[in-house]
Amino acid sequence: MDDTSAARLNMVESQVRTADVTDLRIQDAMRRIPRESFLPAGRGYQAYADVEPEYAPGRRLLRPRDVAKLVQLAAPVAGESGLAIAAPYAAALLEACGLMVTRFDDEVLARPPAGPFDVLVCEGAVGQAPEAWLAVLAVGGRAVIIERQGPAGRAVVYLRTAEGVGRRTGFDSAPAFLPGLEPQAGFAF
């Protein structure tokens, strides 16, 4: 076993399985997919640490625990379509679960490609889920997003039904905000 294989195994055993990620497809994918391949040259050493390494200016991979829990929260089903917004590693995990994934990492993330998509995932915090993201969900589609208004955030699942979009919360997380999707300052009366 080489060093990176050992690091991947250690990441799953110490950061993912201990965080109640029970979907074996996700665990297996994280053991196989070389996370360092999503990082710039010279930054591969950060791939398996409990950090959010920057893969492009203003864009970071989620911590291994958080990305695993987020993908599990999406409850991916083989054959579904996925949209990965600023989420290269999450896209690879969804593909390993059998989804056909569209990767979207444009400069203006608030305008995603036309759907419909069964699963939407994002590796970064937003103040609030953009309406344009929820609009591309198919009926039965799930968007898993981390929303933050301050130092703490929460993973949220949005579910589209024929009647509209429902929302439920998941786990605590506080990743960096995606540029341009920070909470909007305002006044309260």
# chains A, B, ... in the order shown; residues from 1 in each chain; ligands from 1
>>> closest_atom_pairs(of="stretch 69-123 of chain A", to="stretch 27-51 of chain A", cutoff="8 Å", atoms="only C-alpha atoms", output="JSON lines")
{"residue": "A:Pro88", "atom": "CA", "partner": "A:Phe38", "partner_atom": "CA", "distance": 7.0}
{"residue": "A:Tyr89", "atom": "CA", "partner": "A:Phe38", "partner_atom": "CA", "distance": 6.9}
{"residue": "A:Ala92", "atom": "CA", "partner": "A:Ile33", "partner_atom": "CA", "distance": 7.7}
{"residue": "A:Leu93", "atom": "CA", "partner": "A:Ala29", "partner_atom": "CA", "distance": 6.1}
{"residue": "A:Ala96", "atom": "CA", "partner": "A:Ala29", "partner_atom": "CA", "distance": 6.1}
{"residue": "A:Cys97", "atom": "CA", "partner": "A:Ala29", "partner_atom": "CA", "distance": 8.0}
>>> write_last_selection(atoms="all heavy atoms", output="PDB file, in the first residue's frame")
ATOM      1  N   PRO A  88     -16.009  19.583  -7.143  1.00  0.00           N
ATOM      2  CA  PRO A  88     -15.378  18.537  -7.964  1.00  0.00           C
ATOM      3  C   PRO A  88     -15.268  17.183  -7.272  1.00  0.00           C
ATOM      4  O   PRO A  88     -15.491  16.147  -7.899  1.00  0.00           O
ATOM      5  CB  PRO A  88     -14.004  19.120  -8.288  1.00  0.00           C
ATOM      6  CG  PRO A  88     -13.741  20.122  -7.206  1.00  0.00           C
ATOM      7  CD  PRO A  88     -15.089  20.676  -6.837  1.00  0.00           C
ATOM      8  N   TYR A  89     -14.945  17.174  -5.996  1.00  0.00           N
ATOM      9  CA  TYR A  89     -14.810  15.900  -5.283  1.00  0.00           C
ATOM     10  C   TYR A  89     -16.176  15.274  -5.034  1.00  0.00           C
ATOM     11  O   TYR A  89     -16.360  14.066  -5.229  1.00  0.00           O
ATOM     12  CB  TYR A  89     -14.036  16.108  -3.981  1.00  0.00           C
ATOM     13  CG  TYR A  89     -13.710  14.830  -3.254  1.00  0.00           C
ATOM     14  CD1 TYR A  89     -12.877  13.869  -3.823  1.00  0.00           C
ATOM     15  CD2 TYR A  89     -14.212  14.582  -1.979  1.00  0.00           C
ATOM     16  CE1 TYR A  89     -12.567  12.690  -3.152  1.00  0.00           C
ATOM     17  CE2 TYR A  89     -13.905  13.414  -1.300  1.00  0.00           C
ATOM     18  CZ  TYR A  89     -13.086  12.475  -1.891  1.00  0.00           C
ATOM     19  OH  TYR A  89     -12.779  11.306  -1.219  1.00  0.00           O
ATOM     20  N   ALA A  92     -17.312  13.524  -8.098  1.00  0.00           N
ATOM     21  CA  ALA A  92     -16.696  12.210  -8.272  1.00  0.00           C
ATOM     22  C   ALA A  92     -17.356  11.168  -7.368  1.00  0.00           C
ATOM     23  O   ALA A  92     -17.559  10.021  -7.777  1.00  0.00           O
ATOM     24  CB  ALA A  92     -15.200  12.294  -7.994  1.00  0.00           C
ATOM     25  N   LEU A  93     -17.718  11.560  -6.155  1.00  0.00           N
ATOM     26  CA  LEU A  93     -18.408  10.630  -5.251  1.00  0.00           C
ATOM     27  C   LEU A  93     -19.784  10.263  -5.789  1.00  0.00           C
ATOM     28  O   LEU A  93     -20.188   9.095  -5.741  1.00  0.00           O
ATOM     29  CB  LEU A  93     -18.518  11.229  -3.850  1.00  0.00           C
ATOM     30  CG  LEU A  93     -17.197  11.470  -3.103  1.00  0.00           C
ATOM     31  CD1 LEU A  93     -17.459  12.159  -1.769  1.00  0.00           C
ATOM     32  CD2 LEU A  93     -16.432  10.175  -2.912  1.00  0.00           C
ATOM     33  N   ALA A  96     -19.415   7.857  -8.580  1.00  0.00           N
ATOM     34  CA  ALA A  96     -19.109   6.526  -8.057  1.00  0.00           C
ATOM     35  C   ALA A  96     -20.364   5.823  -7.531  1.00  0.00           C
ATOM     36  O   ALA A  96     -20.411   4.596  -7.493  1.00  0.00           O
ATOM     37  CB  ALA A  96     -18.054   6.626  -6.957  1.00  0.00           C
ATOM     38  N   CYS A  97     -21.368   6.611  -7.164  1.00  0.00           N
ATOM     39  CA  CYS A  97     -22.652   6.055  -6.713  1.00  0.00           C
ATOM     40  C   CYS A  97     -23.591   5.780  -7.889  1.00  0.00           C
ATOM     41  O   CYS A  97     -24.734   5.385  -7.690  1.00  0.00           O
ATOM     42  CB  CYS A  97     -23.322   7.007  -5.723  1.00  0.00           C
ATOM     43  SG  CYS A  97     -22.478   7.120  -4.126  1.00  0.00           S
TER      44      CYS A  97
END
>>> residues_around(residues="A:Ala91", least_positions_apart="4", cutoff="12 Å", atoms="only C-alpha atoms", output="PyMOL selection string")
chain A and resi 26+29-30+33+35+38+61+67-68+70-71+76+81-87+95-105+119-123
>>> write_last_selection(atoms="N, CA, C and O atoms", output="short mmCIF file (atom, residue, chain, number, x, y, z; two decimals), in the first residue's frame")
data_model
loop_
_atom_site.label_atom_id
_atom_site.label_comp_id
_atom_site.auth_asym_id
_atom_site.auth_seq_id
_atom_site.Cartn_x
_atom_site.Cartn_y
_atom_site.Cartn_z
N ILE A 26 -20.22 5.35 -0.53
CA ILE A 26 -19.44 6.58 -0.30
C ILE A 26 -18.10 6.24 0.33
O ILE A 26 -17.05 6.73 -0.09
N ALA A 29 -15.90 4.66 -2.33
CA ALA A 29 -15.45 5.66 -3.31
C ALA A 29 -14.34 6.53 -2.71
O ALA A 29 -13.35 6.83 -3.39
N MET A 30 -14.48 6.90 -1.45
CA MET A 30 -13.47 7.74 -0.82
C MET A 30 -12.16 6.99 -0.61
O MET A 30 -11.10 7.61 -0.57
N ILE A 33 -10.91 7.03 -4.76
CA ILE A 33 -10.72 8.26 -5.54
C ILE A 33 -9.56 9.07 -4.96
O ILE A 33 -9.58 9.45 -3.78
N ARG A 35 -8.11 12.00 -3.88
CA ARG A 35 -8.55 13.36 -3.55
C ARG A 35 -7.49 14.40 -3.94
O ARG A 35 -7.82 15.52 -4.31
N PHE A 38 -7.61 16.57 -7.23
CA PHE A 38 -8.47 17.74 -7.37
C PHE A 38 -7.77 19.02 -6.90
O PHE A 38 -8.35 20.10 -6.97
N LEU A 61 -12.37 22.51 -1.40
CA LEU A 61 -13.01 21.22 -1.17
C LEU A 61 -13.52 21.21 0.27
O LEU A 61 -12.85 21.74 1.16
N VAL A 67 -18.11 16.47 3.28
CA VAL A 67 -18.52 16.08 1.94
C VAL A 67 -19.18 14.71 1.96
O VAL A 67 -20.17 14.47 1.28
N ALA A 68 -18.66 13.80 2.80
CA ALA A 68 -19.26 12.47 2.90
C ALA A 68 -20.68 12.55 3.47
O ALA A 68 -21.61 11.92 2.96
N LEU A 70 -22.65 15.16 3.41
CA LEU A 70 -23.49 15.88 2.46
C LEU A 70 -23.98 14.94 1.35
O LEU A 70 -25.16 14.93 1.01
N VAL A 71 -23.07 14.14 0.80
CA VAL A 71 -23.46 13.20 -0.26
C VAL A 71 -24.44 12.17 0.31
O VAL A 71 -25.43 11.83 -0.33
N PRO A 76 -28.24 9.52 -2.87
CA PRO A 76 -28.14 9.30 -4.31
C PRO A 76 -28.60 7.90 -4.72
O PRO A 76 -28.39 6.93 -4.00
N SER A 81 -29.68 11.93 -12.19
CA SER A 81 -28.84 13.00 -12.70
C SER A 81 -28.43 13.91 -11.55
O SER A 81 -29.20 14.12 -10.62
N GLY A 82 -27.21 14.41 -11.62
CA GLY A 82 -26.72 15.28 -10.56
C GLY A 82 -26.12 16.55 -11.11
O GLY A 82 -25.66 16.60 -12.25
N LEU A 83 -26.15 17.59 -10.30
CA LEU A 83 -25.50 18.86 -10.61
C LEU A 83 -24.56 19.16 -9.45
O LEU A 83 -25.01 19.28 -8.30
N ALA A 84 -23.27 19.27 -9.73
CA ALA A 84 -22.26 19.56 -8.72
C ALA A 84 -21.79 20.99 -8.93
O ALA A 84 -21.12 21.30 -9.91
N ILE A 85 -22.14 21.87 -8.00
CA ILE A 85 -21.81 23.29 -8.09
C ILE A 85 -20.56 23.56 -7.25
O ILE A 85 -20.59 23.39 -6.03
N ALA A 86 -19.47 23.95 -7.91
CA ALA A 86 -18.20 24.19 -7.23
C ALA A 86 -17.90 23.01 -6.31
O ALA A 86 -17.56 23.18 -5.15
N ALA A 87 -18.04 21.80 -6.86
CA ALA A 87 -17.95 20.59 -6.05
C ALA A 87 -17.29 19.44 -6.82
O ALA A 87 -17.93 18.44 -7.11
N GLU A 95 -20.70 10.30 -8.94
CA GLU A 95 -20.48 9.44 -10.10
C GLU A 95 -20.18 8.01 -9.65
O GLU A 95 -20.65 7.04 -10.27
N ALA A 96 -19.42 7.86 -8.58
CA ALA A 96 -19.11 6.53 -8.06
C ALA A 96 -20.36 5.82 -7.53
O ALA A 96 -20.41 4.60 -7.49
N CYS A 97 -21.37 6.61 -7.16
CA CYS A 97 -22.65 6.05 -6.71
C CYS A 97 -23.59 5.78 -7.89
O CYS A 97 -24.73 5.39 -7.69
N GLY A 98 -23.12 6.04 -9.11
CA GLY A 98 -23.90 5.71 -10.30
C GLY A 98 -24.72 6.84 -10.89
O GLY A 98 -25.58 6.59 -11.74
N LEU A 99 -24.45 8.08 -10.49
CA LEU A 99 -25.18 9.22 -11.06
C LEU A 99 -24.47 9.76 -12.29
O LEU A 99 -23.24 9.63 -12.41
N MET A 100 -25.22 10.38 -13.19
CA MET A 100 -24.67 11.11 -14.33
C MET A 100 -24.60 12.57 -13.87
O MET A 100 -25.64 13.19 -13.65
N VAL A 101 -23.39 13.10 -13.71
CA VAL A 101 -23.20 14.39 -13.05
C VAL A 101 -22.74 15.46 -14.03
O VAL A 101 -21.83 15.25 -14.82
N THR A 102 -23.39 16.61 -13.94
CA THR A 102 -22.96 17.82 -14.64
C THR A 102 -22.15 18.64 -13.64
O THR A 102 -22.65 18.95 -12.55
N ARG A 103 -20.93 18.99 -14.00
CA ARG A 103 -20.08 19.80 -13.13
C ARG A 103 -20.21 21.26 -13.54
O ARG A 103 -20.07 21.59 -14.70
N PHE A 104 -20.46 22.12 -12.54
CA PHE A 104 -20.68 23.54 -12.80
C PHE A 104 -19.79 24.32 -11.85
O PHE A 104 -20.00 24.32 -10.64
N ASP A 105 -18.79 24.98 -12.42
CA ASP A 105 -17.84 25.73 -11.60
C ASP A 105 -17.53 27.07 -12.27
O ASP A 105 -16.40 27.54 -12.26
N VAL A 119 -30.32 15.44 -8.09
CA VAL A 119 -29.48 15.77 -6.94
C VAL A 119 -28.66 16.99 -7.29
O VAL A 119 -28.11 17.09 -8.38
N LEU A 120 -28.59 17.93 -6.36
CA LEU A 120 -27.73 19.11 -6.49
C LEU A 120 -26.88 19.16 -5.23
O LEU A 120 -27.41 19.04 -4.12
N VAL A 121 -25.57 19.31 -5.40
CA VAL A 121 -24.67 19.39 -4.26
C VAL A 121 -23.69 20.54 -4.49
O VAL A 121 -23.35 20.86 -5.62
N CYS A 122 -23.26 21.17 -3.39
CA CYS A 122 -22.35 22.31 -3.46
C CYS A 122 -21.30 22.17 -2.36
O CYS A 122 -21.65 21.91 -1.21
N GLU A 123 -20.03 22.35 -2.71
CA GLU A 123 -18.94 22.28 -1.73
C GLU A 123 -18.52 23.69 -1.30
O GLU A 123 -17.43 24.14 -1.61
#
>>> closest_residue(among="A:Ser5, A:Gln15, A:Gln149, A:Thr22", to="A:Gln184", atoms="only C-alpha atoms")
A:Gln149
>>> residues_around(residues="A:Ala176", least_positions_apart="5", cutoff="9 Å", atoms="only C-alpha atoms", output="ChimeraX atom specification")
/A:52,58-60,62,124-126
>>> write_last_selection(atoms="all heavy atoms", output="short mmCIF file (atom, residue, chain, number, x, y, z; two decimals), in the first residue's frame")
data_model
loop_
_atom_site.label_atom_id
_atom_site.label_comp_id
_atom_site.auth_asym_id
_atom_site.auth_seq_id
_atom_site.Cartn_x
_atom_site.Cartn_y
_atom_site.Cartn_z
N GLU A 52 -10.04 22.35 4.66
CA GLU A 52 -10.71 22.68 3.39
C GLU A 52 -9.67 23.24 2.44
O GLU A 52 -9.49 24.46 2.34
CB GLU A 52 -11.80 23.73 3.63
CG GLU A 52 -12.92 23.26 4.51
CD GLU A 52 -13.86 24.39 4.90
OE1 GLU A 52 -13.71 25.53 4.40
OE2 GLU A 52 -14.74 24.12 5.72
N GLY A 58 -10.73 31.15 -4.35
CA GLY A 58 -12.05 31.29 -3.75
C GLY A 58 -12.87 30.02 -3.72
O GLY A 58 -14.03 30.03 -3.31
N ARG A 59 -12.28 28.89 -4.11
CA ARG A 59 -13.00 27.61 -4.14
C ARG A 59 -12.23 26.60 -3.31
O ARG A 59 -11.02 26.44 -3.47
CB ARG A 59 -13.16 27.08 -5.57
CG ARG A 59 -13.77 28.06 -6.54
CD ARG A 59 -15.27 28.20 -6.30
NE ARG A 59 -15.83 29.34 -7.00
CZ ARG A 59 -16.32 29.33 -8.22
NH1 ARG A 59 -16.31 28.23 -8.92
NH2 ARG A 59 -16.82 30.43 -8.75
N ARG A 60 -12.95 25.88 -2.46
CA ARG A 60 -12.33 24.91 -1.57
C ARG A 60 -13.09 23.59 -1.60
O ARG A 60 -14.30 23.59 -1.79
CB ARG A 60 -12.32 25.43 -0.13
CG ARG A 60 -11.54 26.71 0.02
CD ARG A 60 -11.54 27.20 1.47
NE ARG A 60 -10.62 28.30 1.63
CZ ARG A 60 -9.32 28.20 1.80
NH1 ARG A 60 -8.76 27.02 1.85
NH2 ARG A 60 -8.56 29.26 1.94
N LEU A 62 -14.66 20.61 0.50
CA LEU A 62 -15.14 20.45 1.87
C LEU A 62 -14.23 19.49 2.62
O LEU A 62 -13.56 18.65 2.02
CB LEU A 62 -16.56 19.88 1.87
CG LEU A 62 -17.71 20.81 1.54
CD1 LEU A 62 -19.02 20.04 1.54
CD2 LEU A 62 -17.79 21.97 2.52
N GLY A 124 -19.36 24.34 -0.57
CA GLY A 124 -19.08 25.67 -0.05
C GLY A 124 -20.33 26.19 0.61
O GLY A 124 -21.43 25.70 0.35
N ALA A 125 -20.17 27.16 1.47
CA ALA A 125 -21.33 27.73 2.16
C ALA A 125 -21.95 28.84 1.35
O ALA A 125 -21.27 29.54 0.59
CB ALA A 125 -20.91 28.26 3.53
N VAL A 126 -23.25 29.00 1.54
CA VAL A 126 -24.00 30.11 0.96
C VAL A 126 -24.83 30.72 2.08
O VAL A 126 -25.14 30.05 3.06
CB VAL A 126 -24.92 29.65 -0.21
CG1 VAL A 126 -24.10 29.04 -1.34
CG2 VAL A 126 -25.98 28.69 0.26
#
>>> residues_around(residues="A:Ala138", least_positions_apart="4", cutoff="10 Å", atoms="only C-alpha atoms", output="PyMOL selection string")
chain A and resi 81+115-119+134+142+159-162
>>> closest_residue(among="A:Val165, A:Gly153, A:Val12, A:Ser173", to="A:Leu137", atoms="only C-alpha atoms")
A:Val165
>>> select_by_dssp(residues="chain A", states="helix (DSSP H, G or I)", output="PyMOL selection string")
chain A and resi 3-19+24-32+35-38+44-46+64-74+88-96+131-135
>>> atom_distance(atom1="atom CA of A:Gly140", atom2="atom CA of A:Glu163")
10.8 Å
>>> residues_around(residues="A:Arg111", least_positions_apart="3", cutoff="10 Å", atoms="only C-alpha atoms", output="ChimeraX atom specification")
/A:104,106-108,114,130-133
>>> residues_around(residues="A:Asp66", least_positions_apart="6", cutoff="9 Å", atoms="only C-alpha atoms", output="ChimeraX atom specification")
/A:16,19,123,155,171-173,175
>>> write_last_selection(atoms="N, CA, C and O atoms", output="PDB file, in the first residue's frame")
ATOM      1  N   VAL A  16     -14.494   9.823   8.442  1.00  0.00           N
ATOM      2  CA  VAL A  16     -15.769   9.576   7.762  1.00  0.00           C
ATOM      3  C   VAL A  16     -16.625   8.566   8.514  1.00  0.00           C
ATOM      4  O   VAL A  16     -17.761   8.854   8.887  1.00  0.00           O
ATOM      5  N   ALA A  19     -18.106   9.612  11.728  1.00  0.00           N
ATOM      6  CA  ALA A  19     -19.110  10.689  11.624  1.00  0.00           C
ATOM      7  C   ALA A  19     -20.457  10.140  11.153  1.00  0.00           C
ATOM      8  O   ALA A  19     -21.264  10.871  10.602  1.00  0.00           O
ATOM      9  N   GLU A 123     -20.027  22.350  -2.713  1.00  0.00           N
ATOM     10  CA  GLU A 123     -18.939  22.277  -1.730  1.00  0.00           C
ATOM     11  C   GLU A 123     -18.523  23.685  -1.298  1.00  0.00           C
ATOM     12  O   GLU A 123     -17.432  24.140  -1.609  1.00  0.00           O
ATOM     13  N   ALA A 155     -26.036  22.040   7.279  1.00  0.00           N
ATOM     14  CA  ALA A 155     -26.373  21.394   6.019  1.00  0.00           C
ATOM     15  C   ALA A 155     -27.892  21.352   5.925  1.00  0.00           C
ATOM     16  O   ALA A 155     -28.586  21.081   6.910  1.00  0.00           O
ATOM     17  N   PHE A 171     -26.717  18.299   9.415  1.00  0.00           N
ATOM     18  CA  PHE A 171     -25.637  18.407  10.390  1.00  0.00           C
ATOM     19  C   PHE A 171     -25.023  19.809  10.409  1.00  0.00           C
ATOM     20  O   PHE A 171     -25.208  20.598   9.493  1.00  0.00           O
ATOM     21  N   ASP A 172     -24.289  20.108  11.478  1.00  0.00           N
ATOM     22  CA  ASP A 172     -23.580  21.386  11.611  1.00  0.00           C
ATOM     23  C   ASP A 172     -22.303  21.360  10.777  1.00  0.00           C
ATOM     24  O   ASP A 172     -21.603  20.352  10.728  1.00  0.00           O
ATOM     25  N   SER A 173     -22.011  22.492  10.150  1.00  0.00           N
ATOM     26  CA  SER A 173     -20.801  22.633   9.356  1.00  0.00           C
ATOM     27  C   SER A 173     -20.569  24.120   9.111  1.00  0.00           C
ATOM     28  O   SER A 173     -21.530  24.886   9.056  1.00  0.00           O
ATOM     29  N   PRO A 175     -18.140  25.664   6.453  1.00  0.00           N
ATOM     30  CA  PRO A 175     -17.110  25.884   5.436  1.00  0.00           C
ATOM     31  C   PRO A 175     -17.057  27.346   5.007  1.00  0.00           C
ATOM     32  O   PRO A 175     -17.945  28.152   5.341  1.00  0.00           O
TER      33      PRO A 175
END
>>> atom_distance(atom1="atom CA of A:Leu181", atom2="atom CA of A:Asp20")
28.9 Å
>>> select_by_dssp(residues="chain A", states="strand (DSSP E or B)", output="VMD selection string")
chain A and resid 54 to 56 59 to 60 81 to 85 100 to 104 117 to 126 137 to 148 153 to 161 164 to 173 177
>>> closest_residue(among="A:Val139, A:Ala56, A:Ala78, A:Gly166", to="A:Pro179", atoms="only C-alpha atoms")
A:Ala56
>>> atom_distance(atom1="atom CA of A:Ala174", atom2="atom CA of A:Ala129")
15.0 Å
>>> decode(residues="stretch 76-180 of chain A", atoms="C-alpha atoms", output="short mmCIF file (atom, residue, chain, number, x, y, z; two decimals), in the first residue's frame")
data_model
loop_
_atom_site.label_atom_id
_atom_site.label_comp_id
_atom_site.auth_asym_id
_atom_site.auth_seq_id
_atom_site.Cartn_x
_atom_site.Cartn_y
_atom_site.Cartn_z
CA PRO A 76 -28.14 9.30 -4.31
CA VAL A 77 -29.72 6.58 -6.44
CA ALA A 78 -27.87 5.00 -9.37
CA GLY A 79 -29.18 6.30 -12.69
CA GLU A 80 -30.17 9.72 -11.34
CA SER A 81 -28.84 13.00 -12.70
CA GLY A 82 -26.72 15.28 -10.56
CA LEU A 83 -25.50 18.86 -10.61
CA ALA A 84 -22.26 19.56 -8.72
CA ILE A 85 -21.81 23.29 -8.09
CA ALA A 86 -18.20 24.19 -7.23
CA ALA A 87 -17.95 20.59 -6.05
CA PRO A 88 -15.38 18.54 -7.96
CA TYR A 89 -14.81 15.90 -5.28
CA ALA A 90 -18.51 15.56 -4.45
CA ALA A 91 -19.14 15.12 -8.20
CA ALA A 92 -16.70 12.21 -8.27
CA LEU A 93 -18.41 10.63 -5.25
CA LEU A 94 -21.84 10.97 -6.88
CA GLU A 95 -20.48 9.44 -10.10
CA ALA A 96 -19.11 6.53 -8.06
CA CYS A 97 -22.65 6.05 -6.71
CA GLY A 98 -23.90 5.71 -10.30
CA LEU A 99 -25.18 9.22 -11.06
CA MET A 100 -24.67 11.11 -14.33
CA VAL A 101 -23.20 14.39 -13.05
CA THR A 102 -22.96 17.82 -14.64
CA ARG A 103 -20.08 19.80 -13.13
CA PHE A 104 -20.68 23.54 -12.80
CA ASP A 105 -17.84 25.73 -11.60
CA ASP A 106 -18.39 28.98 -13.53
CA GLU A 107 -17.50 32.39 -12.19
CA VAL A 108 -21.21 33.24 -11.63
CA LEU A 109 -22.54 30.28 -9.66
CA ALA A 110 -26.02 31.75 -9.11
CA ARG A 111 -27.03 30.87 -12.71
CA PRO A 112 -26.79 27.08 -13.04
CA PRO A 113 -27.37 25.08 -16.22
CA ALA A 114 -30.96 24.14 -17.05
CA GLY A 115 -32.26 21.03 -15.34
CA PRO A 116 -34.01 19.12 -14.25
CA PHE A 117 -31.60 17.40 -11.86
CA ASP A 118 -32.35 14.76 -9.24
CA VAL A 119 -29.48 15.77 -6.94
CA LEU A 120 -27.73 19.11 -6.49
CA VAL A 121 -24.67 19.39 -4.26
CA CYS A 122 -22.35 22.31 -3.46
CA GLU A 123 -18.94 22.28 -1.73
CA GLY A 124 -19.08 25.67 -0.05
CA ALA A 125 -21.33 27.73 2.16
CA VAL A 126 -24.00 30.11 0.96
CA GLY A 127 -26.06 32.62 2.92
CA GLN A 128 -29.23 31.09 1.51
CA ALA A 129 -29.90 28.64 -1.31
CA PRO A 130 -30.31 30.65 -4.52
CA GLU A 131 -33.80 30.27 -6.02
CA ALA A 132 -32.20 29.49 -9.39
CA TRP A 133 -30.59 26.39 -7.86
CA LEU A 134 -33.89 25.12 -6.48
CA ALA A 135 -35.62 25.84 -9.78
CA VAL A 136 -33.51 23.23 -11.62
CA LEU A 137 -34.59 20.38 -9.32
CA ALA A 138 -36.80 17.65 -10.78
CA VAL A 139 -39.86 16.55 -8.84
CA GLY A 140 -38.39 14.34 -6.13
CA GLY A 141 -35.05 16.13 -6.54
CA ARG A 142 -32.85 16.99 -3.56
CA ALA A 143 -30.48 19.92 -3.14
CA VAL A 144 -27.94 19.52 -0.33
CA ILE A 145 -26.39 22.83 0.59
CA ILE A 146 -24.61 24.31 3.61
CA GLU A 147 -26.22 27.58 4.66
CA ARG A 148 -24.50 30.03 7.02
CA GLN A 149 -25.56 33.37 8.43
CA GLY A 150 -22.60 33.74 10.80
CA PRO A 151 -19.74 31.63 12.11
CA ALA A 152 -21.83 28.44 12.29
CA GLY A 153 -23.73 26.79 9.49
CA ARG A 154 -26.04 23.88 8.83
CA ALA A 155 -26.37 21.39 6.02
CA VAL A 156 -29.84 21.70 4.51
CA VAL A 157 -31.80 19.39 2.24
CA TYR A 158 -34.32 20.97 -0.10
CA LEU A 159 -36.82 18.53 -1.61
CA ARG A 160 -38.94 19.41 -4.64
CA THR A 161 -42.44 17.95 -4.72
CA ALA A 162 -45.30 18.57 -7.12
CA GLU A 163 -46.61 21.13 -4.60
CA GLY A 164 -43.36 23.07 -4.09
CA VAL A 165 -40.06 22.86 -2.22
CA GLY A 166 -39.67 21.67 1.37
CA ARG A 167 -36.65 22.09 3.61
CA ARG A 168 -35.10 20.13 6.46
CA THR A 169 -31.81 20.53 8.28
CA GLY A 170 -28.99 18.05 8.64
CA PHE A 171 -25.64 18.41 10.39
CA ASP A 172 -23.58 21.39 11.61
CA SER A 173 -20.80 22.63 9.36
CA ALA A 174 -19.03 25.93 8.73
CA PRO A 175 -17.11 25.88 5.44
CA ALA A 176 -15.89 29.02 3.69
CA PHE A 177 -18.48 30.99 1.73
CA LEU A 178 -18.50 30.79 -2.03
CA PRO A 179 -17.62 34.24 -3.39
CA GLY A 180 -20.75 36.21 -4.23
#
